[in-house]
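Structure first, commentary second.
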Amino acid sequence: MDFLFSDFLGTPTWMWAVFISLVLGLLALDLGVLHKNSKEIGIRESMLMSTFYIAIGLAFGGWIWYQSGQQSAMEYVTGFVVEKSLAMDNIFIIAMIFSYFAIPRQYQHRVLLWGILGVIVLRGIMIAAGAAIVENFHWVLYLFAAFLVFTGLKMLFSADHDENDLDNNRILKFLKRHLPLTNRLHGEKFFVKEADEKTGKLKTFVTPLFLALVMVEIADLIFAVDSIPAIFAITTDPFIVYTSNIFAILGLRALYFALAALIHRFAYLKYALAAVLVFVGSKIFVADMLGLAKIPPAVSLGVTVAILVTGVVGSLFATRKQAKAVE
């Protein structure tokens, strides 16, 4: 049992085992108990599930405080908040994908669940690679920081423009040309066997539900390009980076069903997210100018939360008349 107390990526192996066991337990609870059958998830259930996942994520931060100290816990919570906020922006894209493929709400959970499983693996690979690069080439952190500032400014000045046109998406066009596709959904199936029109023989076809899953995974990869440098700008500890990422994403599908119905209320969310990216990126350069190793985690967390709260409250206030009209 000595291997449990040996370090893996700078953290005792048993702490990784606790984290992985908790994640697998949550997925088993979700897939095997709460959502064993396909059904439409309402806003109330979505909010309850999201609150549960947020509570679990914050409780894990408390456990990190107990095991590794206040600084590690503050870095975890900051990473959790940043990743959760960036994941909210991802919800807008996911909603557009489901709308494009006309995926009914009762089948959306299946796509999101398999999407989360893919994210856990892909983020792990990307974070491990990022940790290795940063450990050997510390100056890469400055590239990450500059990239975050650039991305934030770009988002800030293009927040009013919709650049998400799936009809002209090159990846989707490639998939449609090279995959055997059915023209309609077949329940919650990703693949079906049908007679080929040319040969009359049975052939495996891809359903629109699978295309939606592929596009959701691609969307997450694109968003990971922002979120992973953002968390590395907060901490370079692979354990903190990965756990904060995964716990934030685990609740994404739960949060989706509530926020997808309220997207019109978050008019200024993109501006707030842009400001967060600029702040997270620029604080590395500010710390250097002030002669600090890094900006204190408590300051980073406070500023991040303040920006997001301002964006959300400002959005809700600005769209209150629209909400009354809808009611």
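Chains: A, B, ... in order of the structure tokens. Residues: from 1 per chain. Ligands: from 1, in order shown.
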
Next on the checklist: With only C-alpha atoms as the counted atoms, please give the residues lying no more than 8 Å from A:His109, apart from itself and same-chain residues fewer than 4 positions off, as a list in words.
Outcome noted: Ser38, Ile41, Arg105, Leu113 and Arg253 of chain A

Can those selected residues be exported to a file as a PDB file, in the first residue's frame so that it contains N, CA, C and O atoms?
```pdb
ATOM      1  N   SER A  38     -34.700   8.063 -20.081  1.00  0.00           N
ATOM      2  CA  SER A  38     -34.741   9.381 -20.724  1.00  0.00           C
ATOM      3  C   SER A  38     -35.993  10.130 -20.305  1.00  0.00           C
ATOM      4  O   SER A  38     -37.089   9.592 -20.338  1.00  0.00           O
ATOM      5  N   ILE A  41     -35.911  17.221 -18.260  1.00  0.00           N
ATOM      6  CA  ILE A  41     -35.527  17.782 -16.968  1.00  0.00           C
ATOM      7  C   ILE A  41     -36.052  19.210 -16.879  1.00  0.00           C
ATOM      8  O   ILE A  41     -35.734  20.051 -17.720  1.00  0.00           O
ATOM      9  N   ARG A 105     -35.812  17.845 -25.501  1.00  0.00           N
ATOM     10  CA  ARG A 105     -35.203  17.999 -24.179  1.00  0.00           C
ATOM     11  C   ARG A 105     -34.990  16.660 -23.472  1.00  0.00           C
ATOM     12  O   ARG A 105     -34.036  16.498 -22.714  1.00  0.00           O
ATOM     13  N   LEU A 113     -24.410  13.919 -20.824  1.00  0.00           N
ATOM     14  CA  LEU A 113     -23.725  12.966 -19.956  1.00  0.00           C
ATOM     15  C   LEU A 113     -22.510  12.359 -20.659  1.00  0.00           C
ATOM     16  O   LEU A 113     -21.404  12.325 -20.106  1.00  0.00           O
ATOM     17  N   ARG A 253     -24.164  19.995 -17.059  1.00  0.00           N
ATOM     18  CA  ARG A 253     -25.385  19.510 -17.681  1.00  0.00           C
ATOM     19  C   ARG A 253     -26.594  19.787 -16.798  1.00  0.00           C
ATOM     20  O   ARG A 253     -27.693  20.019 -17.297  1.00  0.00           O
TER      21      ARG A 253
END
```

Next on the checklist: I need the residues in stretch 91-228 of chain A that are helix (DSSP H, G or I) according to DSSP; give them as a ChimeraX atom specification.
Outcome noted: /A:91-100,105-136,140-157,166-168,170-178,208-228

Item to check | Members of stretch 193-274 of chain A assigned strand (DSSP E) by DSSP, as a ChimeraX atom specification | outcome: /A:193-195,202-206

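The shell of residues at most 12 Å from A:Leu58, with only C-alpha atoms counted and near chain neighbours (fewer than 4 positions) removed, consists of Thr51, Phe52, Tyr53, Ile54, Gly62, Trp63, Ile64, Trp65, Ala73, Met74, Glu75, Tyr76, Val77, Thr78, Gly79, Phe80, Val81, Lys84, Thr243, Ser244, Phe247, Ala248 and Gly251 of chain A.
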
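Atom pair atom CA of A:Tyr268 / atom CA of A:Ile116 has a distance of 26.7 Å (rounded to one decimal).
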
Next on the checklist: When you look at A:Ile133 with a cut-off of 12 Å (counting only C-alpha atoms), what residues show up, excluding the ones that are within fewer than 4 positions of it in the same chain? I need them as a PyMOL selection string.
Outcome noted: chain A and resi 126-129+137-141+143-144+229+232+236+238

Which residues are near A:Asp89? Cut-off 9 Å, only C-alpha atoms, ignore same chain within fewer than 6 positions. Put them as a PDB file with C-alpha atoms, in the first residue's frame.
```pdb
ATOM      1  CA  PHE A 223     -13.517  26.421 -24.744  1.00  0.00           C
ATOM      2  CA  LEU A 269     -22.588  37.833 -19.181  1.00  0.00           C
ATOM      3  CA  LYS A 270     -20.126  37.776 -22.092  1.00  0.00           C
ATOM      4  CA  LEU A 273     -16.502  36.729 -18.768  1.00  0.00           C
TER       5      LEU A 273
END
```

Do you have, as JSON lines, the list of residues of stretch 74-130 of chain A lying at most 9 Å from stretch 177-199 of chain A, each with its nearest atom pair and that distance in Å to one decimal, counting only C-alpha atoms and ordered by chain then number?
```
{"residue": "A:Ile103", "atom": "CA", "partner": "A:Leu185", "partner_atom": "CA", "distance": 8.1}
{"residue": "A:Gln106", "atom": "CA", "partner": "A:Glu188", "partner_atom": "CA", "distance": 8.7}
{"residue": "A:Tyr107", "atom": "CA", "partner": "A:Glu188", "partner_atom": "CA", "distance": 5.8}
{"residue": "A:Gln108", "atom": "CA", "partner": "A:Glu188", "partner_atom": "CA", "distance": 8.8}
{"residue": "A:Arg110", "atom": "CA", "partner": "A:Glu188", "partner_atom": "CA", "distance": 7.2}
{"residue": "A:Val111", "atom": "CA", "partner": "A:Glu188", "partner_atom": "CA", "distance": 8.7}
```

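Our summary of the geometry notes that atom CA of A:Leu301 is positioned 18.6 Å from atom CA of A:Ile249.
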
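In this model, the gap between atom CA of A:Leu86 and atom CA of A:Ser227 comes to 6.9 Å.
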
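Among A:Leu259, A:Ile228, A:Ala212, A:Ala267, the residue with the shortest atom-to-atom distance to A:Val82, counting only C-alpha atoms, is A:Ile228.
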